[in-house]
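Okay, protein-v1.txt now, which holds compact mmCIF, C-alpha atoms:
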# COMPACT_ATOMS: atom_id res chain seq x y z
CA MET A 1 146.07 105.98 -25.71
CA THR A 2 144.19 106.15 -28.95
CA GLU A 3 144.41 102.52 -29.98
CA GLU A 4 142.29 99.96 -28.18
CA HIS A 5 144.19 96.72 -28.58
CA TRP A 6 141.91 94.85 -26.21
CA VAL A 7 139.14 94.87 -28.75
CA ASP A 8 141.33 93.45 -31.47
CA PRO A 9 140.01 89.91 -31.98
CA GLU A 10 143.34 88.89 -33.49
CA ILE A 11 144.88 89.38 -30.08
CA VAL A 12 141.99 88.55 -27.77
CA ARG A 13 141.08 85.14 -29.12
CA PRO A 14 144.51 83.55 -28.67
CA TYR A 15 144.71 85.09 -25.22
CA VAL A 16 141.35 83.64 -24.17
CA VAL A 17 142.11 80.21 -25.64
CA THR A 18 145.19 79.93 -23.44
CA ARG A 19 143.50 81.64 -20.47
CA GLY A 20 146.16 84.27 -20.55
CA ARG A 21 149.09 81.90 -20.49
CA THR A 22 151.93 82.76 -22.81
CA ALA A 23 154.38 79.94 -22.14
CA PRO A 24 153.76 76.20 -22.34
CA VAL A 25 153.91 74.19 -19.10
CA HIS A 26 156.18 71.73 -20.83
CA GLY A 27 158.47 71.64 -23.79
CA LYS A 28 159.92 74.39 -25.89
CA PHE A 29 158.21 74.00 -29.20
CA ASP A 30 159.77 75.33 -32.35
CA LEU A 31 157.69 76.01 -35.48
CA ILE A 32 158.74 72.64 -36.86
CA SER A 33 158.53 70.62 -33.64
CA MET A 34 156.50 67.57 -34.58
CA ALA A 35 153.62 66.27 -32.49
CA VAL A 36 151.47 63.17 -32.75
CA SER A 37 148.46 62.10 -30.67
CA VAL A 38 148.96 59.21 -28.29
CA GLY A 39 146.28 56.73 -27.23
CA PRO A 40 142.51 56.95 -27.61
CA PRO A 41 140.80 60.37 -27.73
CA PRO A 42 140.04 61.60 -24.18
CA GLY A 43 136.41 62.03 -23.12
CA PRO A 44 134.72 65.03 -21.49
CA GLU A 45 136.08 64.02 -18.07
CA ALA A 46 139.51 65.16 -19.24
CA GLY A 47 138.26 68.74 -19.03
CA LEU A 48 139.98 69.81 -22.22
CA ASP A 49 139.02 72.78 -24.35
CA PRO A 50 137.69 72.38 -27.91
CA GLU A 51 141.03 73.57 -29.26
CA HIS A 52 142.83 70.77 -27.43
CA HIS A 53 140.51 68.24 -29.03
CA SER A 54 141.07 69.83 -32.44
CA ILE A 55 144.82 69.44 -32.01
CA LEU A 56 144.45 65.79 -31.00
CA ARG A 57 142.30 65.09 -34.07
CA LEU A 58 144.72 66.90 -36.36
CA CYS A 59 147.73 65.10 -34.92
CA ARG A 60 146.56 61.58 -35.63
CA GLU A 61 149.24 61.91 -38.27
CA PRO A 62 152.39 63.77 -37.21
CA LYS A 63 152.11 67.52 -37.67
CA SER A 64 154.38 70.47 -36.94
CA VAL A 65 153.48 73.41 -34.71
CA ALA A 66 153.29 75.58 -37.84
CA GLU A 67 150.82 73.21 -39.52
CA ILE A 68 148.62 72.96 -36.44
CA ALA A 69 148.59 76.76 -36.17
CA ALA A 70 147.68 77.13 -39.85
CA HIS A 71 144.85 74.58 -39.70
CA LEU A 72 143.36 75.96 -36.48
CA ASP A 73 143.91 79.58 -37.55
CA LEU A 74 145.62 80.48 -34.29
CA PRO A 75 149.05 82.03 -33.72
CA ALA A 76 151.93 79.62 -33.24
CA GLY A 77 152.46 80.91 -29.69
CA THR A 78 148.96 79.79 -28.72
CA ILE A 79 149.52 76.35 -30.20
CA ARG A 80 152.72 75.98 -28.17
CA VAL A 81 150.79 76.57 -24.95
CA LEU A 82 148.02 74.12 -25.88
CA LEU A 83 150.52 71.49 -27.00
CA GLY A 84 152.30 71.90 -23.68
CA ASP A 85 149.04 71.02 -21.89
CA LEU A 86 148.58 67.92 -24.02
CA PHE A 87 152.20 66.91 -23.64
CA ASP A 88 151.86 67.30 -19.86
CA ARG A 89 148.90 64.89 -19.85
CA GLU A 90 150.76 62.48 -22.11
CA LEU A 91 148.15 62.88 -24.82
CA VAL A 92 150.71 63.84 -27.42
CA SER A 93 154.23 62.78 -28.12
CA ALA A 94 156.36 65.64 -29.34
CA GLN A 95 159.83 66.04 -30.67
CA GLU A 96 162.04 69.05 -30.76
CA PRO A 97 163.81 69.41 -34.07
CA GLN A 98 167.10 70.92 -32.98
CA SER A 99 168.19 67.94 -30.99
CA GLU A 100 167.26 65.60 -33.82
CA VAL A 101 168.81 67.02 -36.97
CA ASP A 102 172.54 66.80 -37.29
CA MET A 103 173.53 69.06 -40.17
CA ARG A 104 176.74 67.06 -40.63
CA ASP A 105 174.78 63.83 -41.09
CA MET A 106 175.38 62.61 -44.63
CA LYS A 107 172.50 60.17 -44.32
CA MET A 108 170.08 63.07 -43.84
CA TYR A 109 171.32 64.88 -46.96
CA ARG A 110 171.03 61.69 -49.03
CA ALA A 111 167.50 61.06 -47.81
CA VAL A 112 166.45 64.62 -48.62
CA LEU A 113 168.05 64.48 -52.08
CA ASP A 114 166.45 61.11 -52.85
CA GLY A 115 163.10 62.42 -51.69
CA LEU A 116 163.34 65.58 -53.78
CA ARG A 117 164.45 63.68 -56.87
CA SER A 118 161.44 61.40 -56.64
CA LEU A 119 158.97 64.29 -56.48
CA MET B 1 149.39 56.38 -37.01
CA VAL B 2 152.96 55.27 -37.08
CA PHE B 3 154.16 53.09 -34.23
CA ASP B 4 157.43 51.36 -33.76
CA ARG B 5 157.80 47.98 -32.08
CA SER B 6 157.72 49.46 -28.62
CA ASP B 7 154.24 50.79 -29.52
CA ARG B 8 155.28 54.38 -28.99
CA PRO B 9 154.54 56.90 -31.71
CA ARG B 10 157.46 57.48 -34.00
CA LEU B 11 157.86 60.98 -35.27
CA PRO B 12 159.53 61.95 -38.51
CA THR B 13 162.45 64.35 -38.26
CA ALA B 14 161.53 67.83 -39.44
CA ILE B 15 163.94 69.79 -41.61
CA LYS B 16 163.43 73.35 -42.75
CA ILE B 17 164.61 75.39 -45.68
CA LEU B 18 164.06 79.13 -45.85
CA ILE B 19 162.84 80.86 -48.98
CA ALA B 20 163.95 84.47 -48.88
CA GLY B 21 163.95 87.38 -51.29
CA GLY B 22 162.26 90.69 -51.85
CA PHE B 23 158.54 91.34 -51.94
CA GLY B 24 157.01 89.86 -55.08
CA ALA B 25 160.07 87.78 -55.96
CA GLY B 26 157.95 84.61 -56.02
CA LYS B 27 158.60 83.07 -52.59
CA THR B 28 155.10 81.75 -52.03
CA THR B 29 154.89 80.69 -55.68
CA LEU B 30 157.98 78.51 -55.26
CA VAL B 31 156.70 77.07 -51.99
CA GLY B 32 153.40 76.19 -53.68
CA ALA B 33 155.07 74.70 -56.75
CA VAL B 34 156.95 71.99 -54.84
CA SER B 35 154.83 71.41 -51.74
CA GLU B 36 152.31 68.63 -51.38
CA THR B 37 149.53 71.03 -50.46
CA ARG B 38 148.76 74.64 -51.20
CA PRO B 39 150.93 76.99 -49.13
CA LEU B 40 149.76 77.28 -45.54
CA ARG B 41 150.04 80.37 -43.41
CA THR B 42 151.14 80.61 -39.81
CA GLU B 43 151.26 83.68 -37.66
CA GLU B 44 153.37 84.84 -34.78
CA VAL B 45 152.03 87.64 -32.59
CA LEU B 46 154.81 90.03 -31.73
CA THR B 47 155.30 93.19 -29.79
CA ASP B 48 156.78 96.29 -31.37
CA ARG B 49 159.90 96.03 -29.25
CA GLY B 50 161.01 92.90 -30.97
CA VAL B 51 161.51 91.16 -27.67
CA GLY B 52 159.34 88.81 -25.70
CA VAL B 53 157.96 87.07 -28.74
CA ASP B 54 154.49 85.74 -27.93
CA ASP B 55 154.48 87.53 -24.62
CA LEU B 56 151.02 89.02 -24.29
CA SER B 57 151.32 89.74 -20.60
CA SER B 58 151.41 93.49 -21.01
CA VAL B 59 149.65 93.72 -24.31
CA GLU B 60 147.88 96.92 -23.37
CA ALA B 61 151.17 98.78 -23.15
CA LYS B 62 152.67 97.70 -26.43
CA ARG B 63 151.64 97.71 -30.00
CA THR B 64 151.33 94.20 -31.31
CA THR B 65 152.09 93.02 -34.79
CA THR B 66 151.14 89.82 -36.49
CA VAL B 67 153.83 88.41 -38.73
CA ALA B 68 152.53 85.95 -41.28
CA MET B 69 154.70 83.29 -42.85
CA ASP B 70 153.71 81.12 -45.77
CA PHE B 71 155.05 77.63 -45.72
CA GLY B 72 154.71 74.26 -47.36
CA ARG B 73 155.41 70.64 -46.52
CA ILE B 74 157.13 67.88 -48.47
CA THR B 75 157.02 64.43 -46.86
CA LEU B 76 160.23 62.56 -47.64
CA GLY B 77 159.51 58.91 -46.88
CA ASP B 78 158.78 57.84 -43.29
CA GLU B 79 161.77 59.43 -41.73
CA TYR B 80 161.89 63.07 -42.80
CA VAL B 81 159.51 65.94 -43.42
CA LEU B 82 160.81 69.01 -45.19
CA TYR B 83 159.23 72.40 -44.47
CA LEU B 84 159.75 75.38 -46.75
CA PHE B 85 159.26 78.71 -45.03
CA GLY B 86 158.84 81.96 -46.91
CA THR B 87 160.60 84.58 -44.78
CA PRO B 88 158.64 87.69 -43.80
CA GLY B 89 159.68 90.52 -46.06
CA GLN B 90 160.21 93.45 -43.74
CA GLU B 91 163.57 93.90 -42.13
CA ARG B 92 162.05 94.78 -38.81
CA PHE B 93 161.17 91.12 -38.54
CA TRP B 94 164.79 89.95 -38.41
CA PHE B 95 164.19 88.27 -35.09
CA VAL B 96 161.60 86.05 -36.77
CA TRP B 97 164.27 85.15 -39.31
CA ASP B 98 166.54 84.14 -36.44
CA GLU B 99 164.01 81.61 -35.24
CA LEU B 100 163.51 80.33 -38.77
CA ALA B 101 167.22 80.17 -39.58
CA GLU B 102 168.11 78.34 -36.37
CA GLY B 103 168.66 74.69 -37.22
CA SER B 104 167.75 75.18 -40.88
CA LEU B 105 169.33 73.20 -43.70
CA GLY B 106 169.85 76.40 -45.65
CA ALA B 107 168.18 79.14 -47.62
CA VAL B 108 167.13 79.94 -51.15
CA ILE B 109 167.29 83.63 -52.02
CA LEU B 110 164.91 84.33 -54.86
CA ALA B 111 166.05 87.18 -57.06
CA ASP B 112 163.94 89.28 -59.36
CA THR B 113 166.23 90.83 -61.98
CA ARG B 114 164.03 93.93 -62.10
CA ARG B 115 164.88 94.54 -58.46
CA LEU B 116 168.15 92.79 -57.77
CA ALA B 117 168.97 95.13 -54.90
CA ASP B 118 166.05 93.64 -52.95
CA CYS B 119 168.29 90.61 -52.36
CA PHE B 120 171.02 92.50 -50.52
CA PRO B 121 169.50 92.26 -47.03
CA SER B 122 168.99 88.50 -47.41
CA VAL B 123 172.49 87.91 -48.78
CA ASP B 124 173.99 89.94 -45.92
CA TYR B 125 171.88 88.14 -43.36
CA PHE B 126 172.76 84.61 -44.40
CA GLU B 127 176.44 85.43 -44.98
CA ARG B 128 176.69 86.92 -41.52
CA ARG B 129 174.87 84.00 -39.97
CA GLY B 130 176.89 81.37 -41.84
CA THR B 131 173.72 79.76 -43.21
CA PRO B 132 174.35 77.93 -46.52
CA PHE B 133 172.39 79.61 -49.31
CA VAL B 134 171.91 79.62 -53.06
CA VAL B 135 170.58 82.42 -55.25
CA ALA B 136 167.79 81.46 -57.62
CA VAL B 137 167.05 84.01 -60.32
CA ASN B 138 163.33 83.85 -61.01
CA CYS B 139 162.94 84.39 -64.75
CA PHE B 140 159.78 86.45 -65.04
CA ASP B 141 158.32 87.10 -68.46
CA GLY B 142 159.65 90.38 -69.79
CA ALA B 143 162.21 90.84 -67.02
CA PRO B 144 165.73 91.78 -68.10
CA THR B 145 167.86 88.73 -68.56
CA PHE B 146 171.24 88.56 -66.92
CA GLU B 147 174.06 86.13 -67.17
CA VAL B 148 174.79 84.26 -63.97
CA ASP B 149 178.16 86.03 -63.79
CA GLU B 150 176.49 89.43 -63.96
CA VAL B 151 174.21 88.52 -61.07
CA ARG B 152 177.22 87.27 -59.09
CA LEU B 153 179.00 90.55 -59.69
CA ALA B 154 175.96 92.68 -58.89
CA LEU B 155 175.32 90.83 -55.62
CA GLN B 156 179.04 90.54 -54.82
CA LEU B 157 178.66 86.84 -54.19
CA ASP B 158 181.47 84.52 -53.31
CA PRO B 159 182.35 82.19 -56.25
CA SER B 160 181.33 79.22 -54.11
CA VAL B 161 177.69 80.36 -53.84
CA PRO B 162 175.59 78.60 -56.50
CA ILE B 163 173.41 80.78 -58.71
CA ILE B 164 170.69 79.18 -60.79
CA LEU B 165 168.06 80.43 -63.17
CA CYS B 166 164.58 79.16 -62.38
CA ASP B 167 160.89 79.50 -63.02
CA ALA B 168 159.31 79.47 -59.56
CA ARG B 169 155.91 78.55 -61.02
CA ARG B 170 157.22 75.21 -62.26
CA ARG B 171 157.53 72.24 -59.98
CA HIS B 172 160.50 70.73 -61.78
CA SER B 173 162.43 74.00 -61.83
CA SER B 174 161.73 74.76 -58.16
CA ARG B 175 162.73 71.21 -57.25
CA GLU B 176 166.08 71.72 -59.01
CA VAL B 177 166.64 74.85 -56.91
CA LEU B 178 166.10 72.86 -53.71
CA ILE B 179 168.37 70.06 -54.93
CA THR B 180 171.11 72.61 -55.65
CA LEU B 181 170.77 73.99 -52.13
CA VAL B 182 170.82 70.57 -50.45
CA LYS B 183 173.98 69.59 -52.36
CA HIS B 184 175.61 72.92 -51.52
CA SER B 185 174.74 72.60 -47.85
CA ALA B 186 176.06 69.02 -47.80
CA ARG B 187 179.31 70.20 -49.42
CA LEU B 188 179.77 72.85 -46.75
CA ARG B 189 178.69 70.85 -43.77
CA ALA B 190 179.12 67.17 -44.56
CA GLU B 191 180.92 65.38 -47.39
CA PRO B 192 180.37 65.68 -51.16
CA VAL B 193 177.44 63.86 -52.73
CA GLY B 194 176.65 63.00 -56.30

What is this structure when it is put down as structure tokens?
Amino acid sequence: MTEEHWVDPEIVRPYVVTRGRTAPVHGKFDLISMAVSVGPPPGPEAGLDPEHHSILRLCREPKSVAEIAAHLDLPAGTIRVLLGDLFDRELVSAQEPQSEVDMRDMKMYRAVLDGLRSL
Amino acid sequence: MVFDRSDRPRLPTAIKILIAGGFGAGKTTLVGAVSETRPLRTEEVLTDRGVGVDDLSSVEAKRTTTVAMDFGRITLGDEYVLYLFGTPGQERFWFVWDELAEGSLGAVILADTRRLADCFPSVDYFERRGTPFVVAVNCFDGAPTFEVDEVRLALQLDPSVPIILCDARRRHSSREVLITLVKHSARLRAEPVG
């Protein structure tokens, strides 16, 4: 093998951040699944990693998986794993988009049109 | 933070629209023109087999690829957040498109009249998938100008597919493109709106 992927920081950092995990313990987060922090910020006794704390700070206002990934400069897959940890500890509330948006819902289309027109 | 009466966080509903088109057609420009912040970038780490997205468990045996997607956010009141995702250009990333297209409101295909054929893969993809889409012809300076009917003919589009001329750099123009798509999607999936 001529290519040494293990030394590629693009790959290694996300892998280390999740301690090798590739699937979240809870939830199936889409790129636009929204998450928001719940309750006061946990202290050091919670045993969370810096990235977990960064997510909690970022999600004081609702953010999508894609936004969290962009702000933390980590791949979306890594964010899904970390969000799963936080969701498991009830430190974030998260919503999956598919179950929420009904593409036949006229109310949704009106709200989107009104919002766009007022831009 | 937003709380409802039961003191539990209330989350807005996220909606996504895809911005497709060939390389250099102005996808990120359009996203930036209408979004509330500069376009953001998110990455998915993929294997070369196109399966097991995000699966790094046997990373040493596979070549990995990072697919970057530019996107923007438009907050629509308290209830909805609209995300605009620029689709990754290469066709070998179709499976990323599948994730993006799933549950989307629809797609804008940006066309550059200098390279109209670049739109074919996107048109085919959304037609096959049944995703509502509109074609927005980005009017670059110095690019050949076409009538809407000529573009329709060249792309072999169904008469029901809206085609609009736009300037992706301009907020107002890009907003009109999105409004056209939302109305079209509503017509196909819900009831007509004014």

Stretch 73-77 of chain A environment, 7 Å, all atoms listed in the file, sequence neighbours closer than 4 positions dropped, as an NGL selection string
(:A and (14 or 65-66 or 69 or 81)) or (:B and (42-45 or 54))

I'd like to know which of A:Glu90, A:Asp102, A:Glu61, A:Asp114 is closest to A:Val38, using all atoms listed in the file.
A:Glu90

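Residue nearest B:Arg73, chosen from B:Ser173, B:Pro88, B:Val123, B:Ile15 and counting only C-alpha atoms: B:Ile15.
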
Go through A:Pro24, A:Gly84, A:Gly43, A:Pro62 one by one, measure the shortest atom-to-atom distance of each to chain B using all atoms listed in the file, and give the residue with the smallest value.
A:Pro62

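Our summary of the geometry notes that atom CA of A:Arg104 is positioned 14.4 Å from atom CA of B:Gly130.
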
If you count all atoms listed in the file, the residue of B:Val134, B:Leu165, B:Ala68, B:Ile19 closest to chain A turns out to be B:Ala68

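Note that atom CA of B:Thr131 and atom CA of B:His172 are 24.5 Å apart.
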
Considering all atoms listed in the file, can you say which of B:Tyr125, B:Cys166, B:Leu188, B:Leu153 comes closest to B:Phe140?
B:Cys166

Let me make sure I understand: among A:Glu45, A:Leu82, A:Arg60, A:Pro40, which one has the smallest atom-to-atom distance to chain B if we use only C-alpha atoms?
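So, comparing all the options, the nearest one is A:Arg60.
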
For A:Ser33, list every protein, DNA or RNA residue within 12 Å, evaluated using all atoms listed in the file, and leave out those in the same chain fewer than 4 positions away; present the list as an NGL selection string.
(:A and (27-29 or 62-69 or 76 or 79-80 or 83-84 or 93-101)) or (:B and (11-16 or 81-83 or 103))

Place a sphere of radius 8 Å on (143.3, 68.4, -38.5) in the file coordinates and name every protein, DNA or RNA residue with an atom inside or on its surface, counting all atoms listed in the file; give the answer as a VMD selection string.
chain A and resid 54 to 55 57 to 59 68 71 to 72

Which value, in Å to one decimal, gives the distance between atom CA of B:Asp118 and atom CA of B:Ala186?
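Spanning atom CA of B:Asp118 to atom CA of B:Ala186 is a straight-line distance of 27.1 Å.
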
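The neighbours of B:Ala25 here are the residues that come within 7 Å of it, using only C-alpha atoms and leaving out any residue fewer than 4 positions away in the same chain; they are B:Gly21, B:Leu110, B:Ala111, B:Asp112.
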
Could you save the residues just selected, with C-alpha atoms, as a PDB file, in the frame of the given file?
ATOM      1  CA  GLY B  21     163.950  87.380 -51.290  1.00  0.00           C
ATOM      2  CA  LEU B 110     164.910  84.330 -54.860  1.00  0.00           C
ATOM      3  CA  ALA B 111     166.050  87.180 -57.060  1.00  0.00           C
ATOM      4  CA  ASP B 112     163.940  89.280 -59.360  1.00  0.00           C
TER       5      ASP B 112
END

Excluding B:Val108 and residues on its chain fewer than 6 positions from it, collect all residues at most 7 Å away from it, counting all atoms listed in the file, and give them as a list in words.
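Near neighbours after the sequence-gap exclusion: Leu18, Ile19, Ala20, Phe133, Val134, Val135 and Ala136 of chain B.
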
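For A:Arg117, the list of residues within 10 Å, based on only C-alpha atoms and with local chain neighbours fewer than 5 positions off taken out, reads Ala111 and Val112 of chain A; His172, Arg175, Glu176, Leu178 and Ile179 of chain B.
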
Only N, CA and C atoms, as an mmCIF file, in the first residue's frame: that is what I want for stretch 4-41 of chain B.
data_model
loop_
_atom_site.group_PDB
_atom_site.id
_atom_site.type_symbol
_atom_site.label_atom_id
_atom_site.label_comp_id
_atom_site.auth_asym_id
_atom_site.auth_seq_id
_atom_site.Cartn_x
_atom_site.Cartn_y
_atom_site.Cartn_z
ATOM 1 N N ASP B 4 -41.256 26.421 25.489
ATOM 2 C CA ASP B 4 -42.711 26.539 25.470
ATOM 3 C C ASP B 4 -43.195 26.482 26.918
ATOM 4 N N ARG B 5 -44.503 26.413 27.098
ATOM 5 C CA ARG B 5 -45.043 26.516 28.457
ATOM 6 C C ARG B 5 -44.623 25.349 29.334
ATOM 7 N N SER B 6 -44.390 24.214 28.717
ATOM 8 C CA SER B 6 -44.002 23.052 29.511
ATOM 9 C C SER B 6 -42.511 23.116 29.859
ATOM 10 N N ASP B 7 -41.862 24.252 29.502
ATOM 11 C CA ASP B 7 -40.463 24.480 29.845
ATOM 12 C C ASP B 7 -39.526 23.511 29.145
ATOM 13 N N ARG B 8 -39.970 22.918 28.064
ATOM 14 C CA ARG B 8 -39.062 22.074 27.287
ATOM 15 C C ARG B 8 -38.664 22.847 26.037
ATOM 16 N N PRO B 9 -37.430 22.695 25.612
ATOM 17 C CA PRO B 9 -36.984 23.470 24.457
ATOM 18 C C PRO B 9 -37.846 23.160 23.231
ATOM 19 N N ARG B 10 -38.178 24.199 22.525
ATOM 20 C CA ARG B 10 -38.974 24.024 21.320
ATOM 21 C C ARG B 10 -38.044 24.233 20.126
ATOM 22 N N LEU B 11 -38.075 23.305 19.246
ATOM 23 C CA LEU B 11 -37.169 23.376 18.101
ATOM 24 C C LEU B 11 -37.919 23.784 16.851
ATOM 25 N N PRO B 12 -37.320 24.672 16.062
ATOM 26 C CA PRO B 12 -37.956 24.994 14.789
ATOM 27 C C PRO B 12 -37.885 23.782 13.851
ATOM 28 N N THR B 13 -38.783 23.734 12.913
ATOM 29 C CA THR B 13 -38.768 22.670 11.917
ATOM 30 C C THR B 13 -37.814 23.056 10.790
ATOM 31 N N ALA B 14 -36.910 22.152 10.477
ATOM 32 C CA ALA B 14 -35.927 22.439 9.424
ATOM 33 C C ALA B 14 -36.432 21.947 8.074
ATOM 34 N N ILE B 15 -36.268 22.790 7.078
ATOM 35 C CA ILE B 15 -36.667 22.464 5.701
ATOM 36 C C ILE B 15 -35.428 22.649 4.840
ATOM 37 N N LYS B 16 -35.261 21.803 3.850
ATOM 38 C CA LYS B 16 -34.097 22.017 2.980
ATOM 39 C C LYS B 16 -34.489 22.121 1.508
ATOM 40 N N ILE B 17 -33.716 22.933 0.832
ATOM 41 C CA ILE B 17 -33.832 23.099 -0.613
ATOM 42 C C ILE B 17 -32.446 22.832 -1.173
ATOM 43 N N LEU B 18 -32.395 22.097 -2.260
ATOM 44 C CA LEU B 18 -31.103 21.785 -2.890
ATOM 45 C C LEU B 18 -30.817 22.773 -4.016
ATOM 46 N N ILE B 19 -29.572 23.186 -4.099
ATOM 47 C CA ILE B 19 -29.140 24.040 -5.200
ATOM 48 C C ILE B 19 -28.152 23.220 -6.022
ATOM 49 N N ALA B 20 -28.606 22.818 -7.210
ATOM 50 C CA ALA B 20 -27.793 21.948 -8.058
ATOM 51 C C ALA B 20 -27.335 22.701 -9.300
ATOM 52 N N GLY B 21 -26.555 22.033 -10.105
ATOM 53 C CA GLY B 21 -26.053 22.647 -11.341
ATOM 54 C C GLY B 21 -24.590 22.325 -11.520
ATOM 55 N N GLY B 22 -24.079 22.597 -12.681
ATOM 56 C CA GLY B 22 -22.697 22.260 -12.983
ATOM 57 C C GLY B 22 -21.701 23.089 -12.185
ATOM 58 N N PHE B 23 -20.446 22.685 -12.277
ATOM 59 C CA PHE B 23 -19.365 23.411 -11.611
ATOM 60 C C PHE B 23 -19.298 24.837 -12.155
ATOM 61 N N GLY B 24 -19.247 25.802 -11.259
ATOM 62 C CA GLY B 24 -19.133 27.192 -11.693
ATOM 63 C C GLY B 24 -20.426 27.836 -12.144
ATOM 64 N N ALA B 25 -21.555 27.154 -11.920
ATOM 65 C CA ALA B 25 -22.845 27.718 -12.349
ATOM 66 C C ALA B 25 -23.354 28.792 -11.384
ATOM 67 N N GLY B 26 -22.730 28.892 -10.211
ATOM 68 C CA GLY B 26 -23.126 29.936 -9.261
ATOM 69 C C GLY B 26 -23.906 29.435 -8.056
ATOM 70 N N LYS B 27 -23.754 28.151 -7.726
ATOM 71 C CA LYS B 27 -24.514 27.569 -6.612
ATOM 72 C C LYS B 27 -24.215 28.270 -5.281
ATOM 73 N N THR B 28 -22.930 28.361 -4.970
ATOM 74 C CA THR B 28 -22.551 28.972 -3.696
ATOM 75 C C THR B 28 -22.865 30.464 -3.700
ATOM 76 N N THR B 29 -22.784 31.080 -4.872
ATOM 77 C CA THR B 29 -23.120 32.503 -4.986
ATOM 78 C C THR B 29 -24.583 32.718 -4.623
ATOM 79 N N LEU B 30 -25.448 31.876 -5.157
ATOM 80 C CA LEU B 30 -26.877 31.995 -4.854
ATOM 81 C C LEU B 30 -27.137 31.753 -3.371
ATOM 82 N N VAL B 31 -26.517 30.714 -2.826
ATOM 83 C CA VAL B 31 -26.691 30.413 -1.399
ATOM 84 C C VAL B 31 -26.287 31.635 -0.564
ATOM 85 N N GLY B 32 -25.158 32.237 -0.915
ATOM 86 C CA GLY B 32 -24.663 33.392 -0.165
ATOM 87 C C GLY B 32 -25.546 34.618 -0.325
ATOM 88 N N ALA B 33 -26.160 34.757 -1.503
ATOM 89 C CA ALA B 33 -26.964 35.951 -1.775
ATOM 90 C C ALA B 33 -28.230 36.016 -0.926
ATOM 91 N N VAL B 34 -28.811 34.872 -0.602
ATOM 92 C CA VAL B 34 -30.072 34.896 0.158
ATOM 93 C C VAL B 34 -29.948 34.479 1.616
ATOM 94 N N SER B 35 -28.818 33.890 1.996
ATOM 95 C CA SER B 35 -28.698 33.383 3.363
ATOM 96 C C SER B 35 -28.381 34.491 4.351
ATOM 97 N N GLU B 36 -28.639 34.207 5.627
ATOM 98 C CA GLU B 36 -28.412 35.236 6.637
ATOM 99 C C GLU B 36 -26.952 35.349 7.060
ATOM 100 N N THR B 37 -26.165 34.354 6.718
ATOM 101 C CA THR B 37 -24.722 34.442 6.971
ATOM 102 C C THR B 37 -23.995 34.057 5.692
ATOM 103 N N ARG B 38 -22.696 34.212 5.692
ATOM 104 C CA ARG B 38 -21.914 33.738 4.563
ATOM 105 C C ARG B 38 -22.108 32.224 4.457
ATOM 106 N N PRO B 39 -21.956 31.661 3.259
ATOM 107 C CA PRO B 39 -22.139 30.210 3.139
ATOM 108 C C PRO B 39 -21.198 29.453 4.085
ATOM 109 N N LEU B 40 -21.749 28.422 4.714
ATOM 110 C CA LEU B 40 -20.965 27.566 5.588
ATOM 111 C C LEU B 40 -20.594 26.319 4.799
ATOM 112 N N ARG B 41 -19.646 25.574 5.348
ATOM 113 C CA ARG B 41 -19.242 24.359 4.645
ATOM 114 C C ARG B 41 -19.268 23.191 5.615
#
